[in-house]
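See structure below.
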Amino acid sequence: MRKFVPWVDENGNTQYLMGSFFLQDYRELSGFCDFLDDKNISSYFELGVWRGQMLNFMKRRLGLSRCYGADIYPPSQERESPYPNMKNIVQTEVEPVMDGIELFIGNSHTWEYVEWRQSIGEVDLVFIDACHEPGDVFQDLMVEYAMGLARFVAMHDIAKWSGPHMAWERICDEMKLFSVDVGTELGIGVLKGPREGGCVRLKNRSEWK
Ligand SMILES: C[S@@+](CC[C@H](N)C(=O)[O-])C[C@H]1O[C@@H](n2cnc3c(N)ncnc32)[C@H](O)[C@@H]1O
């Protein structure tokens with residue numbers, strides 16, 4: 001089934017996302033972008049880009065002036081879907097990552113990554129969607145907060161996937177700005193980033209689910 005993400009451009013005309021294929025539920029992605037609309041997001045970094053198509057979408061949809069991605073593997077159409085049975089996935093044709101998007105190809109759990117992340121500097125929105133194991137999610141979050149360069153830190157797959165879900169459930173509600181979960185195994189959550197005074201503060205253990 002083909003699904004397209006509708007959005008309204010600066011002239012008030014409805015546009016539809018075309019030419020992409022990425023691992024997002026189109027209803028959640030629409031809600032996420034609606035939340036971001038009045039946040040003046042001009043720079044975006046996605047950790048875990050897979051085929052790189054969400055990068056292209058976000059660059060167009062948010063009118064980004066700076067856009068970055070990182071992944072162990074270069075984005076490629078050849079990369080198989082890790083979720084072949086997922087419904088409502090945004091699914092259209094694959095296009096190359098757009099010119100002007102800077103990529104780091106390597107493991108986020110290395111000093112090379114930290115050095116590169118520091119080199120790109122302040123970013124309005126960081127979207128963490130890499131390895132979903134609890135320890136890996138923890139490390140990716142901690143590095144991002146330790147570097148202190150993000151206004152908003154979004155996490156994908158907070159609904160059910162082990163690492164992102166555990167982190168989202170345990171982080172204090174006062175750090176949370178937005179979440180959307182339409183009942184799939186995915187879900188997107190946005191945290192106050194370090195530049196907005198956010199930190200990875202956990203709830204009391206008795207409140208953990
Ligand atoms: C769920 S996919 C990302 C989907 C993508 N954000 C999208 O919307 O289409 C997760 C990606 O994270 C990458 N990844 C996993 N562990 C990583 C790590 N330690 N460092 C960098 N990338 C990693 C994988 O290679 C994979 O492409």
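Labels for the structure tokens follow display order: chains A, B, ..., residues from 1 in each chain, ligands from 1.
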- Message: Taking only segment 18-163 of chain A into account, list the residues labelled helix (DSSP H, G or I) by DSSP (computed from the backbone), as a ChimeraX atom specification.
- Response: /A:26-36,53-62,111-120,134-147,162-163
Residue subset to file, keeping N, CA and C atoms, as a compact mmCIF listing (two decimals), in the first residue's frame:
```txt
# COMPACT_ATOMS: atom_id res chain seq x y z
N TYR A 26 3.33 7.03 8.63
CA TYR A 26 3.06 8.35 8.06
C TYR A 26 2.20 9.21 8.98
N ARG A 27 1.33 8.57 9.80
CA ARG A 27 0.47 9.36 10.71
C ARG A 27 1.32 9.96 11.84
N GLU A 28 2.27 9.17 12.33
CA GLU A 28 3.15 9.68 13.39
C GLU A 28 4.07 10.78 12.86
N LEU A 29 4.55 10.55 11.66
CA LEU A 29 5.45 11.55 11.08
C LEU A 29 4.73 12.88 10.86
N SER A 30 3.47 12.80 10.42
CA SER A 30 2.69 14.03 10.24
C SER A 30 2.53 14.77 11.57
N GLY A 31 2.19 14.04 12.63
CA GLY A 31 2.01 14.66 13.95
C GLY A 31 3.30 15.27 14.46
N PHE A 32 4.40 14.57 14.24
CA PHE A 32 5.72 15.05 14.65
C PHE A 32 6.04 16.36 13.95
N CYS A 33 5.81 16.40 12.64
CA CYS A 33 6.11 17.63 11.89
C CYS A 33 5.19 18.77 12.30
N ASP A 34 3.92 18.47 12.57
CA ASP A 34 3.01 19.52 13.05
C ASP A 34 3.54 20.11 14.35
N PHE A 35 4.02 19.25 15.25
CA PHE A 35 4.59 19.74 16.51
C PHE A 35 5.78 20.66 16.24
N LEU A 36 6.58 20.31 15.23
CA LEU A 36 7.82 21.07 14.97
C LEU A 36 7.58 22.39 14.25
N GLN A 53 16.19 8.29 3.49
CA GLN A 53 15.05 8.97 2.89
C GLN A 53 14.34 9.93 3.84
N MET A 54 14.42 9.65 5.14
CA MET A 54 13.81 10.59 6.09
C MET A 54 14.59 11.89 6.11
N LEU A 55 15.90 11.79 5.91
CA LEU A 55 16.73 13.01 5.82
C LEU A 55 16.20 13.92 4.72
N ASN A 56 15.97 13.34 3.55
CA ASN A 56 15.47 14.13 2.41
C ASN A 56 14.11 14.74 2.75
N PHE A 57 13.26 13.91 3.34
CA PHE A 57 11.91 14.41 3.67
C PHE A 57 11.98 15.58 4.65
N MET A 58 12.77 15.43 5.71
CA MET A 58 12.85 16.47 6.72
C MET A 58 13.46 17.74 6.15
N LYS A 59 14.43 17.59 5.26
CA LYS A 59 15.06 18.78 4.65
C LYS A 59 14.01 19.58 3.88
N ARG A 60 13.17 18.87 3.14
CA ARG A 60 12.13 19.58 2.36
C ARG A 60 11.01 20.10 3.26
N ARG A 61 10.53 19.24 4.12
CA ARG A 61 9.35 19.56 4.92
C ARG A 61 9.60 20.71 5.89
N LEU A 62 10.81 20.72 6.49
CA LEU A 62 11.12 21.77 7.47
C LEU A 62 11.90 22.92 6.85
N TRP A 111 35.10 7.28 19.22
CA TRP A 111 35.57 8.65 19.39
C TRP A 111 35.49 9.42 18.07
N GLU A 112 35.64 8.68 16.95
CA GLU A 112 35.53 9.36 15.64
C GLU A 112 34.14 9.99 15.51
N TYR A 113 33.13 9.27 15.96
CA TYR A 113 31.77 9.81 15.90
C TYR A 113 31.65 11.05 16.80
N VAL A 114 32.14 10.95 18.02
CA VAL A 114 32.03 12.07 18.97
C VAL A 114 32.73 13.31 18.38
N GLU A 115 33.88 13.06 17.76
CA GLU A 115 34.64 14.17 17.17
C GLU A 115 33.84 14.79 16.03
N TRP A 116 33.24 13.94 15.19
CA TRP A 116 32.43 14.46 14.07
C TRP A 116 31.20 15.20 14.61
N ARG A 117 30.53 14.60 15.63
CA ARG A 117 29.32 15.23 16.18
C ARG A 117 29.66 16.63 16.72
N GLN A 118 30.80 16.71 17.39
CA GLN A 118 31.20 18.03 17.90
C GLN A 118 31.48 19.00 16.76
N SER A 119 32.05 18.46 15.66
CA SER A 119 32.44 19.35 14.56
C SER A 119 31.23 19.99 13.86
N ILE A 120 30.06 19.32 13.90
CA ILE A 120 28.90 19.93 13.21
C ILE A 120 28.21 20.96 14.10
N PRO A 134 18.87 -1.58 24.72
CA PRO A 134 18.87 -0.59 25.80
C PRO A 134 20.22 0.09 26.03
N GLY A 135 21.29 -0.67 26.09
CA GLY A 135 22.61 -0.08 26.35
C GLY A 135 23.04 0.86 25.24
N ASP A 136 22.68 0.54 24.00
CA ASP A 136 23.07 1.39 22.87
C ASP A 136 22.26 2.69 22.86
N VAL A 137 20.97 2.58 23.16
CA VAL A 137 20.13 3.79 23.23
C VAL A 137 20.64 4.70 24.34
N PHE A 138 20.96 4.08 25.47
CA PHE A 138 21.49 4.84 26.61
C PHE A 138 22.75 5.60 26.19
N GLN A 139 23.65 4.91 25.51
CA GLN A 139 24.91 5.56 25.13
C GLN A 139 24.67 6.69 24.14
N ASP A 140 23.82 6.44 23.14
CA ASP A 140 23.56 7.50 22.15
C ASP A 140 22.93 8.73 22.81
N LEU A 141 22.01 8.49 23.74
CA LEU A 141 21.39 9.63 24.46
C LEU A 141 22.42 10.37 25.30
N MET A 142 23.22 9.61 26.04
CA MET A 142 24.17 10.25 26.95
C MET A 142 25.20 11.08 26.20
N VAL A 143 25.67 10.57 25.07
CA VAL A 143 26.64 11.34 24.28
C VAL A 143 25.99 12.64 23.81
N GLU A 144 24.76 12.54 23.30
CA GLU A 144 24.10 13.75 22.79
C GLU A 144 23.90 14.77 23.90
N TYR A 145 23.48 14.32 25.08
CA TYR A 145 23.28 15.27 26.17
C TYR A 145 24.62 15.81 26.70
N ALA A 146 25.62 14.94 26.74
CA ALA A 146 26.93 15.39 27.25
C ALA A 146 27.52 16.46 26.34
N MET A 147 27.25 16.36 25.05
CA MET A 147 27.83 17.33 24.12
C MET A 147 27.14 18.69 24.20
N SER A 162 12.56 -2.30 22.71
CA SER A 162 13.11 -2.40 24.06
C SER A 162 13.87 -1.15 24.52
N GLY A 163 14.94 -0.77 23.83
CA GLY A 163 15.77 0.33 24.32
C GLY A 163 15.06 1.67 24.33
```
- Message: Taking only C-alpha atoms and all ligand atoms into account, which residues have an atom no farther than 9 Å from ligand 1? I'd like them as a ChimeraX atom specification.
- Response: /A:21-24,46-55,70-75,79,81-83,104-110,113,127-133,136-137,140,156-157
Keeping C-alpha atoms, export the residues of the selection given above as an mmCIF file, in the first residue's frame.
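In the end it all went to again.cif:
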```
data_model
loop_
_atom_site.group_PDB
_atom_site.id
_atom_site.type_symbol
_atom_site.label_atom_id
_atom_site.label_comp_id
_atom_site.auth_asym_id
_atom_site.auth_seq_id
_atom_site.Cartn_x
_atom_site.Cartn_y
_atom_site.Cartn_z
ATOM 1 C CA PHE A 21 10.942 5.194 1.523
ATOM 2 C CA PHE A 22 11.642 5.230 5.184
ATOM 3 C CA LEU A 23 10.838 3.442 8.398
ATOM 4 C CA GLN A 24 8.183 5.748 9.801
ATOM 5 C CA GLU A 46 19.448 11.963 12.287
ATOM 6 C CA LEU A 47 21.420 9.203 13.997
ATOM 7 C CA GLY A 48 20.552 5.988 12.131
ATOM 8 C CA VAL A 49 19.458 6.941 8.616
ATOM 9 C CA TRP A 50 19.103 3.486 6.968
ATOM 10 C CA ARG A 51 18.257 4.404 3.343
ATOM 11 C CA GLY A 52 18.556 8.129 4.056
ATOM 12 C CA GLN A 53 15.051 8.967 2.887
ATOM 13 C CA MET A 54 13.806 10.586 6.087
ATOM 14 C CA LEU A 55 16.725 13.010 5.820
ATOM 15 C CA ALA A 70 25.079 9.200 10.604
ATOM 16 C CA ASP A 71 24.940 5.446 10.131
ATOM 17 C CA ILE A 72 27.300 2.469 10.255
ATOM 18 C CA TYR A 73 26.477 1.780 6.595
ATOM 19 C CA PRO A 74 26.132 4.190 3.686
ATOM 20 C CA PRO A 75 22.478 4.821 2.793
ATOM 21 C CA ARG A 79 19.412 -2.168 2.361
ATOM 22 C CA SER A 81 13.775 -3.489 5.536
ATOM 23 C CA PRO A 82 14.209 -4.743 9.092
ATOM 24 C CA TYR A 83 10.401 -4.658 9.420
ATOM 25 C CA PHE A 104 29.115 10.385 8.927
ATOM 26 C CA ILE A 105 29.552 6.710 8.062
ATOM 27 C CA GLY A 106 30.654 4.829 11.144
ATOM 28 C CA ASN A 107 29.629 3.543 14.547
ATOM 29 C CA SER A 108 28.167 6.068 16.981
ATOM 30 C CA HIS A 109 30.025 4.325 19.789
ATOM 31 C CA THR A 110 33.439 5.593 18.740
ATOM 32 C CA TYR A 113 31.770 9.806 15.905
ATOM 33 C CA PHE A 127 16.508 12.349 15.919
ATOM 34 C CA ILE A 128 17.913 9.190 17.524
ATOM 35 C CA ASP A 129 16.971 6.079 15.564
ATOM 36 C CA ALA A 130 20.051 3.829 15.568
ATOM 37 C CA CYS A 131 20.586 0.602 17.500
ATOM 38 C CA HIS A 132 17.531 -0.161 19.665
ATOM 39 C CA GLU A 133 19.244 -2.263 22.365
ATOM 40 C CA ASP A 136 23.072 1.391 22.867
ATOM 41 C CA VAL A 137 20.132 3.789 23.227
ATOM 42 C CA ASP A 140 23.557 7.498 22.150
ATOM 43 C CA HIS A 156 11.974 6.877 17.504
ATOM 44 C CA ASP A 157 10.294 3.594 18.478
#
```
Polymer residues at most 7 Å from segment 171-183 of chain A, only C-alpha atoms, same-chain spacing of 6 or more positions, as an mmCIF file with N, CA and C atoms, in the first residue's frame:
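Below is the file that was written, around_7.cif:
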```cif
data_model
loop_
_atom_site.group_PDB
_atom_site.id
_atom_site.type_symbol
_atom_site.label_atom_id
_atom_site.label_comp_id
_atom_site.auth_asym_id
_atom_site.auth_seq_id
_atom_site.Cartn_x
_atom_site.Cartn_y
_atom_site.Cartn_z
ATOM 1 N N GLU A 28 2.268 9.167 12.332
ATOM 2 C CA GLU A 28 3.148 9.679 13.394
ATOM 3 C C GLU A 28 4.066 10.775 12.861
ATOM 4 N N GLY A 31 2.186 14.039 12.630
ATOM 5 C CA GLY A 31 2.008 14.656 13.953
ATOM 6 C C GLY A 31 3.299 15.268 14.460
ATOM 7 N N ALA A 159 7.345 3.273 21.486
ATOM 8 C CA ALA A 159 6.128 2.559 21.873
ATOM 9 C C ALA A 159 6.422 1.165 22.430
ATOM 10 N N GLY A 189 8.933 10.331 20.297
ATOM 11 C CA GLY A 189 8.893 11.197 21.478
ATOM 12 C C GLY A 189 9.935 12.289 21.352
ATOM 13 N N VAL A 190 9.614 13.471 21.886
ATOM 14 C CA VAL A 190 10.567 14.588 21.839
ATOM 15 C C VAL A 190 10.877 15.032 23.261
ATOM 16 N N LEU A 191 12.173 15.134 23.543
ATOM 17 C CA LEU A 191 12.654 15.573 24.853
ATOM 18 C C LEU A 191 13.241 16.968 24.745
ATOM 19 N N LYS A 192 13.187 17.683 25.873
ATOM 20 C CA LYS A 192 13.895 18.958 25.972
ATOM 21 C C LYS A 192 15.387 18.673 25.810
ATOM 22 N N GLY A 198 17.369 20.739 29.205
ATOM 23 C CA GLY A 198 17.008 19.338 29.430
ATOM 24 C C GLY A 198 18.203 18.498 29.840
ATOM 25 N N VAL A 200 19.104 13.985 31.046
ATOM 26 C CA VAL A 200 18.541 12.635 31.168
ATOM 27 C C VAL A 200 18.299 12.360 32.656
ATOM 28 N N ARG A 201 17.184 12.916 33.174
ATOM 29 C CA ARG A 201 16.837 12.687 34.581
ATOM 30 C C ARG A 201 15.753 11.612 34.632
ATOM 31 N N LEU A 202 15.966 10.607 35.460
ATOM 32 C CA LEU A 202 15.020 9.492 35.517
ATOM 33 C C LEU A 202 13.976 9.685 36.603
ATOM 34 N N LYS A 203 12.832 9.009 36.424
ATOM 35 C CA LYS A 203 11.811 8.943 37.476
ATOM 36 C C LYS A 203 12.360 8.125 38.640
#
```
- Message: Measuring between only C-alpha atoms, which one of A:Gly148, A:Gly69, A:Gly63, A:Gly121 shows the shortest distance to Val97 of chain A?
- Response: A:Gly69
- Item | Counting only C-alpha atoms, the option among A:Arg66, A:Arg151, A:Lys209, A:Lys39 closest to Trp168 of chain A | A:Lys209
- Could you pull out the residues in segment 68-204 of chain A that DSSP calls strand (DSSP E or B) from the backbone, as a PyMOL selection string? chain A and resi 68-71+89-91+102-105+123-128+150-156+171+176-180+188-192+202
Residues just named, written with C-alpha atoms as a compact mmCIF listing (two decimals), in the first residue's frame:
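Contents of the output file selection.txt:
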```
# COMPACT_ATOMS: atom_id res chain seq x y z
CA TYR A 68 23.20 15.77 8.82
CA GLY A 69 23.01 12.02 9.14
CA ALA A 70 25.08 9.20 10.60
CA ASP A 71 24.94 5.45 10.13
CA ILE A 89 4.91 2.56 6.49
CA VAL A 90 5.80 5.49 4.27
CA GLN A 91 6.68 3.65 1.09
CA GLU A 102 26.54 15.78 5.35
CA LEU A 103 26.92 12.13 6.40
CA PHE A 104 29.12 10.39 8.93
CA ILE A 105 29.55 6.71 8.06
CA VAL A 123 21.71 21.50 15.91
CA ASP A 124 18.05 22.33 16.57
CA LEU A 125 16.68 18.80 16.35
CA VAL A 126 18.46 15.49 16.84
CA PHE A 127 16.51 12.35 15.92
CA ILE A 128 17.91 9.19 17.52
CA ALA A 150 20.85 20.09 20.71
CA ARG A 151 17.68 22.10 21.36
CA PHE A 152 15.38 19.09 20.96
CA VAL A 153 16.21 15.39 21.14
CA ALA A 154 13.66 13.13 19.50
CA MET A 155 13.57 9.37 19.85
CA HIS A 156 11.97 6.88 17.50
CA ILE A 171 12.87 9.58 31.84
CA LYS A 176 9.10 15.39 27.68
CA LEU A 177 7.63 17.88 25.23
CA PHE A 178 5.67 15.74 22.79
CA SER A 179 4.86 12.17 21.88
CA VAL A 180 2.82 10.44 19.24
CA ILE A 188 8.01 9.22 18.36
CA GLY A 189 8.89 11.20 21.48
CA VAL A 190 10.57 14.59 21.84
CA LEU A 191 12.65 15.57 24.85
CA LYS A 192 13.89 18.96 25.97
CA LEU A 202 15.02 9.49 35.52
```
- Task: Find the spatial neighbours of Cys67 of chain A, counting only C-alpha atoms, within a cut-off of 6 Å - ignore same-chain residues fewer than 5 positions away - and output them as a ChimeraX atom specification.
- Result: /A:43-45,101
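Between atom CA of Met98 of chain A and atom CA of Asp38 of chain A lies a distance of 24.4 Å.
Here atom CA of His165 of chain A stands at a distance of 17.3 Å from atom CA of Cys199 of chain A.
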- Item | Separation of atom CA of Leu64 of chain A from atom CA of Ser76 of chain A in Å |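 Atom CA of Leu64 of chain A lies 22.1 Å from atom CA of Ser76 of chain A.
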